[in-house]
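Trainee: Handing over start_34.cif, mmCIF, C-alpha atoms.
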data_final
loop_
_atom_site.label_atom_id
_atom_site.label_comp_id
_atom_site.auth_asym_id
_atom_site.auth_seq_id
_atom_site.Cartn_x
_atom_site.Cartn_y
_atom_site.Cartn_z
CA MET A 1 3.12 26.17 -10.01
CA GLY A 2 2.64 27.53 -6.49
CA ALA A 3 -0.99 26.36 -6.40
CA ARG A 4 0.00 22.85 -7.54
CA TYR A 5 2.62 22.68 -4.77
CA TYR A 6 0.16 23.98 -2.17
CA TYR A 7 -2.59 21.49 -3.03
CA SER A 8 -0.20 18.56 -3.47
CA SER A 9 1.36 19.31 -0.10
CA LYS A 10 -2.06 19.71 1.51
CA VAL A 11 -3.35 16.40 0.14
CA ILE A 12 -0.24 14.46 1.14
CA HIS A 13 -0.20 15.92 4.65
CA ASN A 14 -3.92 15.17 5.10
CA TYR A 15 -3.36 11.60 3.88
CA LEU A 16 -0.46 11.07 6.29
CA ASP A 17 -2.47 12.59 9.13
CA CYS A 18 -5.33 10.21 8.34
CA ALA A 19 -2.99 7.18 8.26
CA LEU A 20 -1.29 8.19 11.50
CA HIS A 21 -4.68 8.39 13.23
CA THR A 22 -6.04 5.06 11.96
CA ASP A 23 -4.14 1.82 11.33
CA MET A 24 -0.63 3.24 11.73
CA ALA A 25 -1.59 4.69 15.12
CA ASP A 26 -2.39 1.23 16.47
CA ILE A 27 -0.58 -1.42 14.44
CA GLU A 28 -1.27 -4.08 17.04
CA GLU A 29 -5.05 -3.52 16.95
CA TYR A 30 -5.26 -3.37 13.14
CA TYR A 31 -2.70 -5.97 12.09
CA MET A 32 -1.50 -8.13 14.98
CA LYS A 33 -4.68 -9.02 16.89
CA PRO A 34 -7.09 -9.91 14.06
CA ALA A 35 -6.76 -13.46 12.81
CA GLY A 36 -5.44 -13.52 9.26
CA SER A 37 -3.54 -10.25 9.51
CA CYS A 38 0.07 -9.41 10.34
CA PHE A 39 2.71 -6.66 10.20
CA TRP A 40 6.44 -6.98 9.49
CA VAL A 41 9.35 -4.63 9.99
CA ALA A 42 12.62 -4.96 8.06
CA VAL A 43 15.64 -4.09 10.19
CA LEU A 44 19.15 -3.64 8.81
CA GLU A 45 22.06 -2.94 11.14
CA GLY A 46 19.66 -2.04 13.94
CA GLN A 47 17.72 0.44 11.83
CA VAL A 48 14.13 0.11 10.59
CA VAL A 49 14.38 0.22 6.81
CA GLY A 50 10.99 -1.10 5.68
CA ILE A 51 7.50 -2.20 6.63
CA VAL A 52 4.61 -4.15 5.18
CA ALA A 53 1.23 -5.32 6.43
CA ALA A 54 -1.18 -8.08 5.49
CA GLN A 55 -4.87 -7.66 6.24
CA GLY A 56 -7.15 -10.66 5.83
CA ARG A 57 -10.54 -10.24 4.16
CA GLU A 58 -12.96 -13.02 5.00
CA ASP A 59 -15.64 -11.89 2.53
CA ASP A 60 -13.63 -13.01 -0.49
CA ASN A 61 -10.86 -15.11 1.15
CA THR A 62 -8.11 -12.72 0.11
CA VAL A 63 -5.37 -10.98 2.01
CA GLU A 64 -4.51 -7.39 1.17
CA LEU A 65 -0.88 -6.34 1.00
CA ARG A 66 -0.82 -2.89 2.64
CA ARG A 67 1.58 -0.17 3.74
CA MET A 68 4.65 -1.49 1.93
CA SER A 69 7.35 1.10 2.31
CA VAL A 70 11.14 1.06 2.19
CA ASP A 71 13.32 3.93 3.35
CA SER A 72 14.55 5.73 0.20
CA ARG A 73 18.18 5.31 1.32
CA PHE A 74 17.78 1.52 1.19
CA ARG A 75 15.81 1.05 -2.02
CA GLY A 76 17.23 -1.15 -4.75
CA LYS A 77 18.64 -3.66 -2.26
CA GLY A 78 15.83 -6.24 -2.50
CA ILE A 79 14.16 -5.29 0.79
CA ALA A 80 10.74 -4.67 -0.77
CA LYS A 81 10.91 -8.00 -2.59
CA VAL A 82 11.66 -9.83 0.69
CA LEU A 83 8.77 -8.02 2.39
CA GLY A 84 6.43 -8.85 -0.49
CA ARG A 85 7.44 -12.51 -0.41
CA ARG A 86 6.78 -12.60 3.32
CA VAL A 87 3.17 -11.53 2.70
CA LEU A 88 2.81 -14.17 -0.02
CA GLU A 89 4.15 -16.87 2.32
CA PHE A 90 1.74 -15.69 5.01
CA ALA A 91 -1.16 -15.90 2.56
CA VAL A 92 -0.29 -19.46 1.54
CA LEU A 93 0.17 -20.59 5.17
CA ASN A 94 -3.23 -19.12 6.04
CA ASN A 95 -5.01 -20.69 3.03
CA TYR A 96 -5.99 -17.46 1.30
CA ALA A 97 -7.10 -17.82 -2.30
CA ALA A 98 -5.39 -14.61 -3.46
CA VAL A 99 -3.35 -11.59 -2.45
CA VAL A 100 -4.59 -8.18 -3.58
CA LEU A 101 -3.16 -4.69 -3.38
CA GLY A 102 -3.86 -1.17 -4.46
CA THR A 103 -1.17 1.38 -5.13
CA THR A 104 -0.78 5.01 -6.02
CA ALA A 105 2.94 4.50 -6.73
CA VAL A 106 4.18 6.67 -9.55
CA LYS A 107 7.57 5.00 -9.83
CA MET A 108 7.68 2.20 -12.38
CA ALA A 109 10.00 0.23 -10.07
CA ALA A 110 7.08 -0.38 -7.68
CA HIS A 111 4.89 -1.74 -10.47
CA LYS A 112 7.74 -3.92 -11.76
CA LEU A 113 8.25 -5.27 -8.23
CA TYR A 114 4.60 -6.33 -7.95
CA GLU A 115 4.71 -7.96 -11.37
CA SER A 116 7.98 -9.76 -10.53
CA LEU A 117 6.23 -11.25 -7.49
CA GLY A 118 3.51 -12.62 -9.77
CA PHE A 119 0.82 -9.94 -9.42
CA ARG A 120 -1.27 -8.97 -12.43
CA ARG A 121 -2.88 -5.59 -12.89
CA THR A 122 -6.67 -5.88 -12.60
CA GLY A 123 -7.82 -2.30 -12.97
CA GLY A 124 -7.44 1.21 -11.76
CA SER A 125 -8.63 4.76 -11.72
CA GLU A 126 -7.23 7.94 -13.25
CA ASP A 127 -8.84 10.16 -10.60
CA TYR A 128 -8.44 8.39 -7.27
CA THR A 129 -9.42 10.00 -3.97
CA LEU A 130 -6.90 9.48 -1.18
CA PRO A 131 -8.19 9.28 2.39
CA GLY A 132 -8.17 12.82 3.75
CA MET A 133 -8.86 14.51 0.39
CA SER A 134 -11.64 17.07 0.34
CA ARG A 135 -12.20 16.78 -3.44
CA SER A 136 -12.78 20.51 -3.72
CA PRO A 137 -12.78 21.86 -7.30
CA LEU A 138 -9.36 23.50 -6.75
CA GLU A 139 -7.93 20.35 -5.22
CA ARG A 140 -9.16 18.31 -8.20
CA LEU A 141 -7.71 20.86 -10.60
CA PHE A 142 -4.23 20.85 -9.10
CA PHE A 143 -3.91 17.31 -7.72
CA GLN A 144 -4.88 14.09 -9.46
CA ILE A 145 -3.59 10.67 -8.66
CA ARG A 146 -3.68 7.35 -10.48
CA TYR A 147 -4.61 4.22 -8.58
CA GLN A 148 -3.82 0.69 -9.75
CA ARG A 149 -5.20 -2.59 -8.42
CA TYR A 150 -3.24 -5.85 -8.54
CA ARG A 151 -4.09 -9.48 -7.76
CA LEU A 152 -2.08 -12.64 -7.34
CA GLN A 153 -4.24 -15.76 -7.49
CA LEU A 154 -2.82 -18.45 -5.21
CA ARG A 155 -5.47 -21.11 -5.74
CA GLU A 156 -8.93 -21.46 -7.20
CA GLU A 157 -11.91 -21.28 -4.87
#
The structure in this file should be written as structure tokens.
Mentor:
Amino acid sequence: MGARYYYSSKVIHNYLDCALHTDMADIEEYYMKPAGSCFWVAVLEGQVVGIVAAQGREDDNTVELRRMSVDSRFRGKGIAKVLGRRVLEFAVLNNYAAVVLGTTAVKMAAHKLYESLGFRRTGGSEDYTLPGMSRSPLERLFFQIRYQRYRLQLREE
């Protein structure tokens, strides 16, 4: 049990470190400056309670829903649904053919949210590698994560 905790903690901290040194370190550069991308913050009573990003992909005319997160104290209040709808509205306004996302969420509520917004599961992996993972034999033994891909087709190309 101790080894599982150690490797889980290590993987999660490495992932967060990676995120905080890439797109989350410079939200403006990654999500606000590029055409076809954006970032939203949900504020309730002066407090940041959620975030979501949209990142345009010209190669297949899709926008990727990224970094959706709602403070655990404010979950179940419809904030994630509002954030998700904002990305869908953005995609329609910018003439994207589809919205895609990938998630490692283990809570069924997250999957139900995506499906309630119209997304359909398109695939996944039982042994996903998070950014920052070393994939050492011990890490693979004690930490495995499922990854699911979703797509919402807005219009035919």
Trainee: Can you spell out as a list in words the set of residues that the PyMOL selection byres ((chain A and resi 113) around 12) selects in the structure I just provided?
Mentor: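 Going through the file, the PyMOL selection byres ((chain A and resi 113) around 12) ends up selecting Met68, Arg75, Gly76, Gly78, Ile79, Ala80, Lys81, Val82, Leu83, Gly84, Arg85, Thr103, Ala105, Lys107, Met108, Ala109, Ala110, His111, Lys112, Tyr114, Glu115, Ser116, Leu117, Gly118, Phe119, Arg120 and Tyr150 of chain A.
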Trainee: Can you turn the PyMOL selection byres ((chain A and resi 52) around 8) into a concrete residue list for this file, as a list of chain:residue names?
Mentor: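 Evaluating the PyMOL selection byres ((chain A and resi 52) around 8) on this file yields A:Phe39, A:Trp40, A:Val41, A:Gly50, A:Ile51, A:Ala53, A:Ala54, A:Leu65, A:Arg66, A:Arg67, A:Met68, A:Ser69, A:Leu83, A:Gly84, A:Val87.
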Trainee: With C-alpha atoms retained, export the selected residues as a CSV table (one decimal), keeping the file's coordinate frame.
Mentor:
chain,number,residue,atom,x,y,z
A,39,PHE,CA,2.7,-6.7,10.2
A,40,TRP,CA,6.4,-7.0,9.5
A,41,VAL,CA,9.4,-4.6,10.0
A,50,GLY,CA,11.0,-1.1,5.7
A,51,ILE,CA,7.5,-2.2,6.6
A,53,ALA,CA,1.2,-5.3,6.4
A,54,ALA,CA,-1.2,-8.1,5.5
A,65,LEU,CA,-0.9,-6.3,1.0
A,66,ARG,CA,-0.8,-2.9,2.6
A,67,ARG,CA,1.6,-0.2,3.7
A,68,MET,CA,4.6,-1.5,1.9
A,69,SER,CA,7.4,1.1,2.3
A,83,LEU,CA,8.8,-8.0,2.4
A,84,GLY,CA,6.4,-8.8,-0.5
A,87,VAL,CA,3.2,-11.5,2.7
Trainee: Can you work out the spacing between CA of Glu126 (chain A) and CA of Thr104 (chain A) in Å, to one decimal?
Mentor: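 Here the two named atoms are 10.1 Å from each other.
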Trainee: Hey, which of A:Arg73, A:Lys33, A:Arg121, A:His21 ends up closest to Gln47 (chain A)? Count all atoms listed in the file.
Mentor: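 Smallest distance to Gln47 (chain A) is found for A:Arg73.
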Trainee: Kindly give the distance, in Å, that separates CA of Gly2 (chain A) and CA of Tyr15 (chain A), rounded to a single decimal.
Mentor: 19.9 Å
Trainee: With only C-alpha atoms as the counted atoms, please give the residues lying no more than 10 Å from Arg57 (chain A), apart from itself and same-chain residues fewer than 2 positions off, as a list in words.
Mentor: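 After dropping sequence-adjacent residues, the list is Ala35, Gly36, Ser37, Ala54, Gln55, Asp59, Asp60, Asn61, Thr62, Val63, Glu64, Tyr96, Val99 and Val100 of chain A.
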Trainee: Which residue is closest to Lys77 (chain A)? Choose from A:Phe90, A:Thr22, A:Leu44, A:Asn95 and count all atoms listed in the file.
Mentor: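 Of A:Phe90, A:Thr22, A:Leu44, A:Asn95, the one nearest Lys77 (chain A), counting all atoms listed in the file, is A:Leu44.
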Trainee: Could you check how far CA of Tyr6 (chain A) sits from CA of Arg149 (chain A), in Å to one decimal?
Mentor: 27.8 Å
Trainee: Nearest to Glu45 (chain A) among A:Phe74, A:Leu16, A:Glu29, A:Lys10, with distances taken over all atoms listed in the file: which residue is it?
Mentor: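 Closest to Glu45 (chain A) of all the choices is A:Phe74.
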Trainee: Would you list the residues near (12.7, 3.4, 5.5) (no more than 6 Å away, in the coordinates of the file, using all atoms listed in the file) as a PyMOL selection string?
Mentor: chain A and resi 49-50+70-71
Trainee: Suppose we keep C-alpha atoms; can you now write the selection as a PDB file, in the coordinates of the input?
Mentor:
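part.pdb was written with the following content:
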ATOM      1  CA  VAL A  49      14.380   0.220   6.810  1.00  0.00           C
ATOM      2  CA  GLY A  50      10.990  -1.100   5.680  1.00  0.00           C
ATOM      3  CA  VAL A  70      11.140   1.060   2.190  1.00  0.00           C
ATOM      4  CA  ASP A  71      13.320   3.930   3.350  1.00  0.00           C
TER       5      ASP A  71
END
